[in-house]
Amino acid sequence: MNRFAALLDRLAYEPRRNAKLRLLADFFRTSPDPERGYALAAMTGSLAFSAAKPGLIRALIAERTDPVLFGLSYDHVGDLSETAALMWPAPPQALDDPTPSLSEVVETLASLGRADLPKRLANWLDLLDETGRWALLKLITGGLRIGVSARLAKTAVASLGGMDADEIEHVWHGLEPPYVPLFAWVEGRGPRPSAIDPAPFRPVMLAHAVENRDFETLDPARFSAEWKWDGIRVQVVSATDEEGHVRTRLYSRTGEEISKSFPDLCEALSGIEAAVDGELLVVKDGRVQSFNLLQQRLNRANVTAKTILEFPVAVRAYDLLTENGEDLRPLPFAERRARLERFVARIDRERLELSPVVPFATWEELAAARAAPFEAGASLDADAVEGVMLKRRDSAYLPGRPKGLWYKWKRDPHRVDAVLMYAQRGHGKRSSFYSDYTFGVWRAGPAGAELVPVGKAYFGFTDEELVRIDRFVRKHTINRFGPVREVVHEPHAGLVVEVAFEGLARSTRHKSGVAMRFPRISRLRWDKPPVEADRMETLEALLRDERTEAARGA
Amino acid sequence: MRPTDLLCITPAGLHCPQGDFHIDPVRPVPRALITHGHSDHARAGHGAVLATEETLAIMALRYGEGFAGATQTAPLGRPITLGGVTVAFRPAGHVLGSAQIAVEAGGCRIVASGDYKRSADPTCRPFEPVPCDVFITEATFGLPVFRHPDVRGEIGKLLASVRLFPDRAHLVGAYALGKAQRLIALVREAGYEEPVYIHGALEKLTDYYLSRRIRLGEIRKVSAAQRSELAGAIVLCPPSSLQDVWSRRFPDPVTAFASGWMRVRARARQKGVELPLVVSDHSDWDDLCRTITEVGASEVWVTHGQEDALVHWCRLQGLRAKPLHMIGYGDDEEAAAGDVDPGAAGAPPA
Ligand SMILES: [Zn+2]
Ligand SMILES: [Zn+2]
């Protein structure tokens, strides 16, 4: 546990992806089974505990420390687990027990009764060092944040055998912690794990935001356009494994499996023998519902029959990645689209709809369609249109955000996805909540991408959302400055907020060099990792466009 | 004699009316007794200064030979009488030359400990507990969350990182007096034999340590031309240089910072440090408490830092205790920008 904790500690301070990768690879290479497997599980979200509540930690530390000293210490440190970890007194005499390993903790917690937990936890805390105690307390209260994505952890494991993370993804879903066969295979000591996942995640292809000046160089004849729906981008995969079992999985665009939240959809799409890229939407009586309703479903801890009935979901298909085991990703988009149309018609499932293309000959025509989706064919679903997507007809399906192939052209350019950085207490009836938010977007810094604050917003969210953000802020504070809290904002940890604003202007008063007019939080993107929030370049481009338009108008 | 008659607080700092001297005064006074060379304790411009040989030498290096009207060397352990008051300098284990000052008259002994630590330091003489009636202590790390780990483990972290990232320079921010030299000595103890590089601002004091026969192995100065070639090297610099343009020319640097404050995550994050090393030249909570118990004082005065917690603890032990709320004593562990060795200000940027 101490070693794992030391790794987490180091990762938390290391901003560079490559350095994180090397730290991880070094840990996996030099740690034994099953320790490294449980560590991998913790990093890939396959290890979730909420064995202990903060109250238990308070009680344990209260038994051992003076209340005044605890109060002063907690004030100084600002985090309960960390305060307890640092203050925990050394046991009166040295103990002979071995230091608990992560494996021991995981395996014990799986079978330990609630009544035995306080005593066992206290014993572990006696045996661990400060960092180990901190990691243990965070782990068992469910508050452990690891500054790496599941993908990065898998990339590190793959590197032990000179492999690619995709090879791990292919066998991943057939495996369970502590992944002993996986490590054996990667290190060339064992066979490829046989339970090959028939329904793995395939990295998603993303689009660039189009700029006005792009239209001068892009040829409309080479592009196909379709609606960009205001839902959640997903990948749905269903296929049969070697033993004849059908596996159906729903993934977010980062590859997180979200099947458990949508059992109805998985059942409805079981056996399609394909991987489909599409948008998850709430569709009632054939009409797409607002994003807020979809959020109702996302936020539920457990899915009830009532929620399923109340918020029925469907997928609007954009692309077909595989069909009957054939990988279609190398094919040009136009060919995949034709296959997709035939596929959707053939399988004929109510919950899988084709996302229609938007016909156009010139950019002016497309601009008109984007401005008036109702008339341009979206009809009653027009409110759920967020813009249009442009896909080059000859584009293969490539992971990441390749240049020059796909563009998103939002209906309302005055919206960006930003990352919450600081929160401050509000005034009046909101004074007990953190309701004033400072958010930022990414830009290139000396040590890689960094967030730069671009504005502040005080409204735009519902009371219910305020409560959730407030809870997020309190749970993820990394720093306090008087009434202001700095919240976690790292590539894979943090809260993305969609910010709507009226205009943009150059400003020398702001660190970012731009100022937003009337910014407001238009949506919370719990589903989006901070790394995918917008970049400064998007705002810069918007600023350029705005100035050209102003010049034209003058 | 009542303790407050022997030593009292004035705007200049601790004052002994009968002996007519101040201890570590923050303003110029006719006669000053100085515990150690850190700039918040040792200031220029006093009429006469009494301090250990090393502290006098360090002050001369920082401020120039004429830093005081007159100087007198205080030999460790040998009592000196000043106006009927006996004073004795005893090692404090903080930095080279650091001392506690025991002041005694009329059957009352007060020990002004300056800054002190109890953990091992190959670059200075260890702290000696001096029995006394009143113990004056600082409380920089006077909260039970500050428990400095074994320095060997922290040095191990640095060396492990150097091994794992041989293509990156490791820049370690460390205070110019004491911390820097102690770190070098500690990496040597851990078996590191490569040359250790230092920023120009650390040169003079490091050279002084070397002249006192403190073994630091091969030290090289960073010159502008080399910076890009220092992949895999350990480079020590003042903490303020970590954020400087200076640090950017190293190959993909890992920025480390050695300070007791690194124990608290929020603090380390605030500094933007990538490799926090919990190495302190001050006592941690356990050592503050242990020392107070060992000297057997019935009364404790706390000069600065986290006074509230330490005073509370003393009272729980049945000791009289009070905070002195002294101002002007910075925190050499923090070493914010501008806290660079003043003597280095004129040095060429290296
Ligand atoms: Zn000092
Ligand atoms: Zn000091």
# chains A, B, ... in the order shown; residues from 1 in each chain; ligands from 1
$ select_by_dssp --residues "stretch 50-237 of chain B" --states "alpha helix (DSSP H)" --output "PyMOL selection string"
chain B and resi 53-63+151-164+179-189+203-211
$ interface_residues --of "chain B" --to "chain A" --cutoff "8 Å" --atoms "only C-alpha atoms" --output "list in words"
Leu143, Pro144, Val145, Phe146, Arg147, Leu164, Val264, Ala266, Arg267, Arg269, Gln270, Gly272, Val273, Glu274, Leu275, Ala309, His312 and Trp313 of chain B
$ residues_near_ligand --ligand "ligand 2" --cutoff "10 Å" --atoms "only C-alpha atoms and all ligand atoms" --output "PyMOL selection string"
chain B and resi 24+35-42+94+114-116+138-140+281-282+303-305+328-333
$ write_last_selection --atoms "C-alpha atoms" --output "mmCIF file, in the first residue's frame"
data_model
loop_
_atom_site.group_PDB
_atom_site.id
_atom_site.type_symbol
_atom_site.label_atom_id
_atom_site.label_comp_id
_atom_site.auth_asym_id
_atom_site.auth_seq_id
_atom_site.Cartn_x
_atom_site.Cartn_y
_atom_site.Cartn_z
ATOM 1 C CA ASP B 24 18.329 38.432 17.107
ATOM 2 C CA THR B 35 21.728 32.809 17.108
ATOM 3 C CA HIS B 36 22.439 32.034 13.460
ATOM 4 C CA GLY B 37 23.067 33.469 10.016
ATOM 5 C CA HIS B 38 19.574 33.366 8.456
ATOM 6 C CA SER B 39 18.702 36.861 7.331
ATOM 7 C CA ASP B 40 15.666 37.237 9.594
ATOM 8 C CA HIS B 41 17.825 36.612 12.648
ATOM 9 C CA ALA B 42 21.133 38.101 11.556
ATOM 10 C CA HIS B 94 19.772 24.206 12.672
ATOM 11 C CA GLY B 114 16.517 30.588 17.880
ATOM 12 C CA ASP B 115 15.691 28.032 15.191
ATOM 13 C CA TYR B 116 16.566 24.426 15.972
ATOM 14 C CA GLU B 138 9.705 29.031 17.574
ATOM 15 C CA ALA B 139 6.712 27.085 16.255
ATOM 16 C CA THR B 140 7.023 27.191 12.463
ATOM 17 C CA ASP B 281 15.794 22.467 9.186
ATOM 18 C CA HIS B 282 13.163 23.170 11.818
ATOM 19 C CA THR B 303 8.056 33.428 19.362
ATOM 20 C CA HIS B 304 6.347 32.878 16.002
ATOM 21 C CA GLY B 305 4.720 30.298 13.750
ATOM 22 C CA GLY B 328 9.945 40.206 11.611
ATOM 23 C CA TYR B 329 10.918 36.558 11.742
ATOM 24 C CA GLY B 330 10.283 35.215 8.310
ATOM 25 C CA ASP B 331 10.183 31.663 7.490
ATOM 26 C CA ASP B 332 13.285 30.328 5.872
ATOM 27 C CA GLU B 333 11.426 27.154 4.901
#
$ residues_around --residues "B:Arg152" --least-positions-apart "5" --cutoff "12 Å" --atoms "only C-alpha atoms" --output "PDB file with all heavy atoms, in the first residue's frame"
ATOM      1  N   SER B 119      16.704  16.402  14.112  1.00  0.00           N
ATOM      2  CA  SER B 119      17.053  15.298  13.215  1.00  0.00           C
ATOM      3  C   SER B 119      18.485  15.454  12.698  1.00  0.00           C
ATOM      4  O   SER B 119      19.065  16.532  12.742  1.00  0.00           O
ATOM      5  CB  SER B 119      16.052  15.189  12.068  1.00  0.00           C
ATOM      6  OG  SER B 119      15.904  16.435  11.445  1.00  0.00           O
ATOM      7  N   ALA B 120      19.008  14.339  12.202  1.00  0.00           N
ATOM      8  CA  ALA B 120      20.427  14.275  11.831  1.00  0.00           C
ATOM      9  C   ALA B 120      20.757  15.231  10.701  1.00  0.00           C
ATOM     10  O   ALA B 120      20.006  15.399   9.756  1.00  0.00           O
ATOM     11  CB  ALA B 120      20.767  12.847  11.404  1.00  0.00           C
ATOM     12  N   ASP B 121      21.915  15.882  10.831  1.00  0.00           N
ATOM     13  CA  ASP B 121      22.385  16.802   9.803  1.00  0.00           C
ATOM     14  C   ASP B 121      23.903  16.728   9.789  1.00  0.00           C
ATOM     15  O   ASP B 121      24.563  17.147  10.740  1.00  0.00           O
ATOM     16  CB  ASP B 121      21.908  18.224  10.148  1.00  0.00           C
ATOM     17  CG  ASP B 121      22.320  19.237   9.086  1.00  0.00           C
ATOM     18  OD1 ASP B 121      23.197  18.916   8.252  1.00  0.00           O
ATOM     19  OD2 ASP B 121      21.758  20.347   9.109  1.00  0.00           O
ATOM     20  N   LYS B 157      13.551   9.374  -2.633  1.00  0.00           N
ATOM     21  CA  LYS B 157      12.585   9.776  -3.664  1.00  0.00           C
ATOM     22  C   LYS B 157      13.280  10.554  -4.781  1.00  0.00           C
ATOM     23  O   LYS B 157      13.020  10.354  -5.956  1.00  0.00           O
ATOM     24  CB  LYS B 157      11.538  10.719  -3.064  1.00  0.00           C
ATOM     25  CG  LYS B 157      10.376  10.055  -2.407  1.00  0.00           C
ATOM     26  CD  LYS B 157       9.341  11.129  -2.058  1.00  0.00           C
ATOM     27  CE  LYS B 157       8.505  10.691  -0.877  1.00  0.00           C
ATOM     28  NZ  LYS B 157       7.724  11.793  -0.312  1.00  0.00           N
ATOM     29  N   LEU B 158      14.156  11.459  -4.355  1.00  0.00           N
ATOM     30  CA  LEU B 158      14.866  12.274  -5.342  1.00  0.00           C
ATOM     31  C   LEU B 158      15.752  11.385  -6.216  1.00  0.00           C
ATOM     32  O   LEU B 158      15.726  11.476  -7.449  1.00  0.00           O
ATOM     33  CB  LEU B 158      15.709  13.340  -4.628  1.00  0.00           C
ATOM     34  CG  LEU B 158      16.649  14.167  -5.521  1.00  0.00           C
ATOM     35  CD1 LEU B 158      15.858  14.997  -6.518  1.00  0.00           C
ATOM     36  CD2 LEU B 158      17.533  15.074  -4.673  1.00  0.00           C
ATOM     37  N   LEU B 159      16.495  10.490  -5.577  1.00  0.00           N
ATOM     38  CA  LEU B 159      17.426   9.664  -6.354  1.00  0.00           C
ATOM     39  C   LEU B 159      16.667   8.677  -7.245  1.00  0.00           C
ATOM     40  O   LEU B 159      17.099   8.389  -8.361  1.00  0.00           O
ATOM     41  CB  LEU B 159      18.402   8.948  -5.415  1.00  0.00           C
ATOM     42  CG  LEU B 159      19.314   9.894  -4.620  1.00  0.00           C
ATOM     43  CD1 LEU B 159      20.265   9.109  -3.721  1.00  0.00           C
ATOM     44  CD2 LEU B 159      20.111  10.821  -5.546  1.00  0.00           C
ATOM     45  N   ALA B 160      15.536   8.182  -6.759  1.00  0.00           N
ATOM     46  CA  ALA B 160      14.727   7.273  -7.588  1.00  0.00           C
ATOM     47  C   ALA B 160      14.247   8.006  -8.832  1.00  0.00           C
ATOM     48  O   ALA B 160      14.211   7.459  -9.933  1.00  0.00           O
ATOM     49  CB  ALA B 160      13.545   6.738  -6.786  1.00  0.00           C
ATOM     50  N   ARG B 182      22.995  20.852   3.297  1.00  0.00           N
ATOM     51  CA  ARG B 182      22.553  19.626   3.956  1.00  0.00           C
ATOM     52  C   ARG B 182      22.061  18.614   2.918  1.00  0.00           C
ATOM     53  O   ARG B 182      22.363  17.423   2.998  1.00  0.00           O
ATOM     54  CB  ARG B 182      21.428  19.957   4.936  1.00  0.00           C
ATOM     55  CG  ARG B 182      20.942  18.743   5.703  1.00  0.00           C
ATOM     56  CD  ARG B 182      19.796  19.110   6.615  1.00  0.00           C
ATOM     57  NE  ARG B 182      19.291  17.956   7.341  1.00  0.00           N
ATOM     58  CZ  ARG B 182      18.046  17.860   7.769  1.00  0.00           C
ATOM     59  NH1 ARG B 182      17.194  18.851   7.564  1.00  0.00           N
ATOM     60  NH2 ARG B 182      17.641  16.790   8.422  1.00  0.00           N
ATOM     61  N   LEU B 183      21.337  19.112   1.908  1.00  0.00           N
ATOM     62  CA  LEU B 183      20.846  18.215   0.866  1.00  0.00           C
ATOM     63  C   LEU B 183      22.004  17.549   0.125  1.00  0.00           C
ATOM     64  O   LEU B 183      21.968  16.352  -0.153  1.00  0.00           O
ATOM     65  CB  LEU B 183      19.978  18.983  -0.135  1.00  0.00           C
ATOM     66  CG  LEU B 183      18.570  19.338   0.332  1.00  0.00           C
ATOM     67  CD1 LEU B 183      17.890  20.225  -0.705  1.00  0.00           C
ATOM     68  CD2 LEU B 183      17.740  18.073   0.554  1.00  0.00           C
ATOM     69  N   ALA B 185      25.013  17.011   1.273  1.00  0.00           N
ATOM     70  CA  ALA B 185      25.619  16.031   2.174  1.00  0.00           C
ATOM     71  C   ALA B 185      24.761  14.769   2.258  1.00  0.00           C
ATOM     72  O   ALA B 185      25.276  13.650   2.311  1.00  0.00           O
ATOM     73  CB  ALA B 185      25.807  16.646   3.558  1.00  0.00           C
ATOM     74  N   LEU B 186      23.441  14.951   2.235  1.00  0.00           N
ATOM     75  CA  LEU B 186      22.548  13.791   2.356  1.00  0.00           C
ATOM     76  C   LEU B 186      22.565  12.922   1.098  1.00  0.00           C
ATOM     77  O   LEU B 186      22.521  11.699   1.193  1.00  0.00           O
ATOM     78  CB  LEU B 186      21.118  14.249   2.667  1.00  0.00           C
ATOM     79  CG  LEU B 186      20.884  14.797   4.083  1.00  0.00           C
ATOM     80  CD1 LEU B 186      19.501  15.421   4.201  1.00  0.00           C
ATOM     81  CD2 LEU B 186      21.063  13.715   5.144  1.00  0.00           C
ATOM     82  N   VAL B 187      22.635  13.545  -0.082  1.00  0.00           N
ATOM     83  CA  VAL B 187      22.693  12.689  -1.280  1.00  0.00           C
ATOM     84  C   VAL B 187      24.030  11.945  -1.318  1.00  0.00           C
ATOM     85  O   VAL B 187      24.099  10.817  -1.794  1.00  0.00           O
ATOM     86  CB  VAL B 187      22.443  13.424  -2.627  1.00  0.00           C
ATOM     87  CG1 VAL B 187      21.063  14.062  -2.666  1.00  0.00           C
ATOM     88  CG2 VAL B 187      23.507  14.446  -2.962  1.00  0.00           C
ATOM     89  N   ARG B 188      25.079  12.569  -0.770  1.00  0.00           N
ATOM     90  CA  ARG B 188      26.370  11.871  -0.696  1.00  0.00           C
ATOM     91  C   ARG B 188      26.255  10.674   0.246  1.00  0.00           C
ATOM     92  O   ARG B 188      26.730   9.588  -0.060  1.00  0.00           O
ATOM     93  CB  ARG B 188      27.467  12.820  -0.201  1.00  0.00           C
ATOM     94  CG  ARG B 188      27.768  13.999  -1.122  1.00  0.00           C
ATOM     95  CD  ARG B 188      28.120  13.547  -2.521  1.00  0.00           C
ATOM     96  NE  ARG B 188      28.436  14.652  -3.404  1.00  0.00           N
ATOM     97  CZ  ARG B 188      28.254  14.625  -4.716  1.00  0.00           C
ATOM     98  NH1 ARG B 188      27.731  13.558  -5.309  1.00  0.00           N
ATOM     99  NH2 ARG B 188      28.579  15.658  -5.464  1.00  0.00           N
ATOM    100  N   GLU B 189      25.613  10.883   1.389  1.00  0.00           N
ATOM    101  CA  GLU B 189      25.438   9.771   2.342  1.00  0.00           C
ATOM    102  C   GLU B 189      24.666   8.624   1.705  1.00  0.00           C
ATOM    103  O   GLU B 189      24.864   7.466   2.034  1.00  0.00           O
ATOM    104  CB  GLU B 189      24.656  10.244   3.574  1.00  0.00           C
ATOM    105  CG  GLU B 189      25.523  10.883   4.626  1.00  0.00           C
ATOM    106  CD  GLU B 189      24.773  11.138   5.935  1.00  0.00           C
ATOM    107  OE1 GLU B 189      23.538  10.912   6.008  1.00  0.00           O
ATOM    108  OE2 GLU B 189      25.431  11.574   6.876  1.00  0.00           O
ATOM    109  N   ALA B 190      23.766   8.986   0.769  1.00  0.00           N
ATOM    110  CA  ALA B 190      22.952   7.961   0.107  1.00  0.00           C
ATOM    111  C   ALA B 190      23.716   7.299  -1.030  1.00  0.00           C
ATOM    112  O   ALA B 190      23.163   6.464  -1.741  1.00  0.00           O
ATOM    113  CB  ALA B 190      21.656   8.586  -0.401  1.00  0.00           C
ATOM    114  N   GLY B 191      24.990   7.699  -1.228  1.00  0.00           N
ATOM    115  CA  GLY B 191      25.816   7.022  -2.219  1.00  0.00           C
ATOM    116  C   GLY B 191      25.821   7.655  -3.598  1.00  0.00           C
ATOM    117  O   GLY B 191      26.334   7.074  -4.551  1.00  0.00           O
ATOM    118  N   LEU B 277       9.762  17.467  -1.491  1.00  0.00           N
ATOM    119  CA  LEU B 277      10.615  16.709  -0.576  1.00  0.00           C
ATOM    120  C   LEU B 277      10.437  17.298   0.820  1.00  0.00           C
ATOM    121  O   LEU B 277      10.676  18.492   1.029  1.00  0.00           O
ATOM    122  CB  LEU B 277      12.080  16.816  -1.000  1.00  0.00           C
ATOM    123  CG  LEU B 277      12.408  16.324  -2.415  1.00  0.00           C
ATOM    124  CD1 LEU B 277      13.861  16.652  -2.769  1.00  0.00           C
ATOM    125  CD2 LEU B 277      12.149  14.834  -2.550  1.00  0.00           C
ATOM    126  N   VAL B 278       9.991  16.458   1.739  1.00  0.00           N
ATOM    127  CA  VAL B 278       9.761  16.962   3.090  1.00  0.00           C
ATOM    128  C   VAL B 278      11.072  16.916   3.860  1.00  0.00           C
ATOM    129  O   VAL B 278      11.381  15.948   4.545  1.00  0.00           O
ATOM    130  CB  VAL B 278       8.661  16.148   3.808  1.00  0.00           C
ATOM    131  CG1 VAL B 278       8.259  16.836   5.109  1.00  0.00           C
ATOM    132  CG2 VAL B 278       7.452  15.979   2.908  1.00  0.00           C
ATOM    133  N   VAL B 279      11.880  17.945   3.681  1.00  0.00           N
ATOM    134  CA  VAL B 279      13.153  18.047   4.398  1.00  0.00           C
ATOM    135  C   VAL B 279      13.160  19.419   5.039  1.00  0.00           C
ATOM    136  O   VAL B 279      13.028  20.429   4.367  1.00  0.00           O
ATOM    137  CB  VAL B 279      14.360  17.914   3.442  1.00  0.00           C
ATOM    138  CG1 VAL B 279      15.656  18.065   4.220  1.00  0.00           C
ATOM    139  CG2 VAL B 279      14.314  16.583   2.707  1.00  0.00           C
TER     140      VAL B 279
END
$ atom_distance --atom1 "atom CA of A:Glu104" --atom2 "atom CA of A:Arg145"
20.4 Å
$ closest_residue --among "B:Lys117, B:Arg163, B:Arg315, B:Arg215" --to "ligand 1" --atoms "only C-alpha atoms and all ligand atoms"
B:Lys117
$ residues_around --residues "A:Phe343" --least-positions-apart "4" --cutoff "10 Å" --atoms "only C-alpha atoms" --output "mmCIF file with C-alpha atoms, in the first residue's frame"
data_model
loop_
_atom_site.group_PDB
_atom_site.id
_atom_site.type_symbol
_atom_site.label_atom_id
_atom_site.label_comp_id
_atom_site.auth_asym_id
_atom_site.auth_seq_id
_atom_site.Cartn_x
_atom_site.Cartn_y
_atom_site.Cartn_z
ATOM 1 C CA ILE A 272 -26.896 -6.349 -33.614
ATOM 2 C CA ALA A 274 -21.952 -4.272 -34.898
ATOM 3 C CA LEU A 320 -20.770 2.169 -38.450
ATOM 4 C CA GLU A 323 -20.448 -5.114 -38.912
ATOM 5 C CA ARG A 337 -22.541 5.811 -44.459
ATOM 6 C CA ALA A 338 -24.054 3.640 -47.181
ATOM 7 C CA ARG A 339 -23.360 0.552 -45.077
ATOM 8 C CA ILE A 347 -31.832 -4.715 -38.195
ATOM 9 C CA ASP A 348 -34.914 -2.523 -37.786
ATOM 10 C CA LEU A 354 -30.419 6.790 -38.521
#
$ atom_distance --atom1 "atom CA of A:Val531" --atom2 "atom CA of A:Gly387"
21.8 Å
$ residues_around --residues "A:Pro330" --least-positions-apart "5" --cutoff "12 Å" --atoms "only C-alpha atoms" --output "list of chain:residue names"
A:Leu320, A:Leu321, A:Thr322, A:Glu335, A:Arg336, A:Asp394, A:Ser395, A:Ala396, A:Tyr397, A:Leu398, A:Pro399
$ write_last_selection --atoms "all heavy atoms" --output "CSV table (one decimal), in the first residue's frame"
chain,number,residue,atom,x,y,z
A,320,LEU,N,-20.8,3.6,-38.7
A,320,LEU,CA,-20.8,2.2,-38.4
A,320,LEU,C,-19.3,1.8,-38.5
A,320,LEU,O,-18.6,1.9,-39.5
A,320,LEU,CB,-21.5,1.4,-39.6
A,320,LEU,CG,-21.8,0.0,-39.4
A,320,LEU,CD1,-22.6,-0.3,-38.1
A,320,LEU,CD2,-22.5,-0.6,-40.6
A,321,LEU,N,-18.8,1.2,-37.3
A,321,LEU,CA,-17.4,0.9,-37.2
A,321,LEU,C,-17.1,-0.5,-37.5
A,321,LEU,O,-16.0,-0.8,-38.1
A,321,LEU,CB,-16.9,1.3,-35.8
A,321,LEU,CG,-17.3,2.6,-35.2
A,321,LEU,CD1,-16.6,2.9,-33.9
A,321,LEU,CD2,-16.9,3.7,-36.2
A,322,THR,N,-18.0,-1.4,-37.1
A,322,THR,CA,-17.8,-2.8,-37.5
A,322,THR,C,-19.2,-3.4,-37.8
A,322,THR,O,-20.2,-2.9,-37.3
A,322,THR,CB,-17.2,-3.7,-36.4
A,322,THR,OG1,-18.2,-3.8,-35.3
A,322,THR,CG2,-15.9,-3.1,-35.8
A,335,GLU,N,-18.6,5.5,-47.9
A,335,GLU,CA,-18.9,4.0,-48.0
A,335,GLU,C,-19.5,3.5,-46.7
A,335,GLU,O,-20.5,2.7,-46.7
A,335,GLU,CB,-17.7,3.3,-48.3
A,335,GLU,CG,-17.7,2.5,-49.6
A,335,GLU,CD,-16.4,1.9,-49.9
A,335,GLU,OE1,-15.6,2.6,-50.5
A,335,GLU,OE2,-16.1,0.7,-49.5
A,336,ARG,N,-19.0,4.0,-45.6
A,336,ARG,CA,-19.5,3.6,-44.3
A,336,ARG,C,-20.9,4.1,-44.1
A,336,ARG,O,-21.7,3.4,-43.5
A,336,ARG,CB,-18.6,4.2,-43.1
A,336,ARG,CG,-17.2,3.6,-43.0
A,336,ARG,CD,-16.6,3.8,-41.6
A,336,ARG,NE,-16.7,5.2,-41.2
A,336,ARG,CZ,-15.8,6.1,-41.5
A,336,ARG,NH1,-14.8,5.9,-42.3
A,336,ARG,NH2,-16.0,7.4,-41.0
A,394,ASP,N,-14.2,11.2,-47.9
A,394,ASP,CA,-13.1,10.2,-48.1
A,394,ASP,C,-12.4,9.8,-46.8
A,394,ASP,O,-11.4,9.1,-46.8
A,394,ASP,CB,-12.1,10.6,-49.1
A,394,ASP,CG,-11.4,11.9,-48.7
A,394,ASP,OD1,-11.8,12.5,-47.7
A,394,ASP,OD2,-10.4,12.2,-49.4
A,395,SER,N,-13.0,10.3,-45.6
A,395,SER,CA,-12.2,10.2,-44.4
A,395,SER,C,-12.4,8.8,-43.8
A,395,SER,O,-13.6,8.3,-43.6
A,395,SER,CB,-12.7,11.2,-43.4
A,395,SER,OG,-14.0,11.2,-43.1
A,396,ALA,N,-11.3,8.1,-43.5
A,396,ALA,CA,-11.4,6.9,-42.7
A,396,ALA,C,-11.7,7.3,-41.3
A,396,ALA,O,-11.6,8.4,-40.9
A,396,ALA,CB,-10.0,6.2,-42.7
A,397,TYR,N,-12.1,6.3,-40.5
A,397,TYR,CA,-12.5,6.6,-39.1
A,397,TYR,C,-11.2,6.4,-38.2
A,397,TYR,O,-10.7,5.3,-38.0
A,397,TYR,CB,-13.6,5.6,-38.6
A,397,TYR,CG,-14.2,6.0,-37.3
A,397,TYR,CD1,-15.4,6.7,-37.3
A,397,TYR,CD2,-13.6,5.7,-36.1
A,397,TYR,CE1,-16.0,7.1,-36.0
A,397,TYR,CE2,-14.2,6.0,-34.9
A,397,TYR,CZ,-15.4,6.7,-34.9
A,397,TYR,OH,-15.9,7.1,-33.7
A,398,LEU,N,-10.7,7.6,-37.9
A,398,LEU,CA,-9.4,7.6,-37.2
A,398,LEU,C,-9.6,8.0,-35.7
A,398,LEU,O,-10.3,8.9,-35.4
A,398,LEU,CB,-8.4,8.6,-37.9
A,398,LEU,CG,-8.2,8.3,-39.3
A,398,LEU,CD1,-7.4,9.4,-40.0
A,398,LEU,CD2,-7.4,7.0,-39.5
A,399,PRO,N,-8.8,7.4,-34.8
A,399,PRO,CA,-9.0,7.8,-33.4
A,399,PRO,C,-8.4,9.2,-33.2
A,399,PRO,O,-7.5,9.6,-33.9
A,399,PRO,CB,-8.2,6.8,-32.6
A,399,PRO,CG,-7.2,6.2,-33.6
A,399,PRO,CD,-7.9,6.3,-35.0
$ residues_around --residues "A:Gly255" --least-positions-apart "4" --cutoff "9 Å" --atoms "only C-alpha atoms" --output "PyMOL selection string"
chain A and resi 150-151+201-204+234-235+250-251
$ write_last_selection --atoms "C-alpha atoms" --output "short mmCIF file (atom, residue, chain, number, x, y, z; two decimals), in the first residue's frame"
data_model
loop_
_atom_site.label_atom_id
_atom_site.label_comp_id
_atom_site.auth_asym_id
_atom_site.auth_seq_id
_atom_site.Cartn_x
_atom_site.Cartn_y
_atom_site.Cartn_z
CA ALA A 150 -7.95 4.34 -17.72
CA ARG A 151 -6.46 4.57 -21.18
CA PHE A 201 -14.39 -0.05 -27.13
CA ARG A 202 -12.88 1.55 -30.21
CA PRO A 203 -11.33 5.00 -29.73
CA VAL A 204 -13.61 7.71 -31.01
CA VAL A 234 -21.77 7.05 -27.34
CA GLN A 235 -20.54 3.86 -28.90
CA LEU A 250 -22.53 0.99 -24.20
CA TYR A 251 -19.48 3.25 -23.92
#
$ select_by_dssp --residues "stretch 143-319 of chain B" --states "strand (DSSP E or B)" --output "PyMOL selection string"
chain B and resi 170-173+196-198+219-221+234-237+254-258+275-277+299-305
$ residues_around --residues "B:Ala176" --least-positions-apart "6" --cutoff "9 Å" --atoms "only C-alpha atoms" --output "list of chain:residue names"
B:Ala201, B:Leu202, B:Glu203, B:Leu205, B:Thr206, B:Cys237, B:Pro238, B:Pro239, B:Val340, B:Asp341
$ atom_distance --atom1 "atom CA of B:Gly47" --atom2 "atom CA of B:Pro28"
7.5 Å
$ closest_residue --among "B:His199, B:Arg212, B:Lys179, B:Arg263" --to "ligand 1" --atoms "only C-alpha atoms and all ligand atoms"
B:Lys179
$ closest_residue --among "B:Cys124, B:Ala60, B:Leu177, B:Ile292" --to "ligand 1" --atoms "only C-alpha atoms and all ligand atoms"
B:Leu177
$ closest_residue --among "A:Phe433, A:Ala90, A:Ala41, A:Phe333" --to "B:Asp286" --atoms "only C-alpha atoms"
A:Ala90
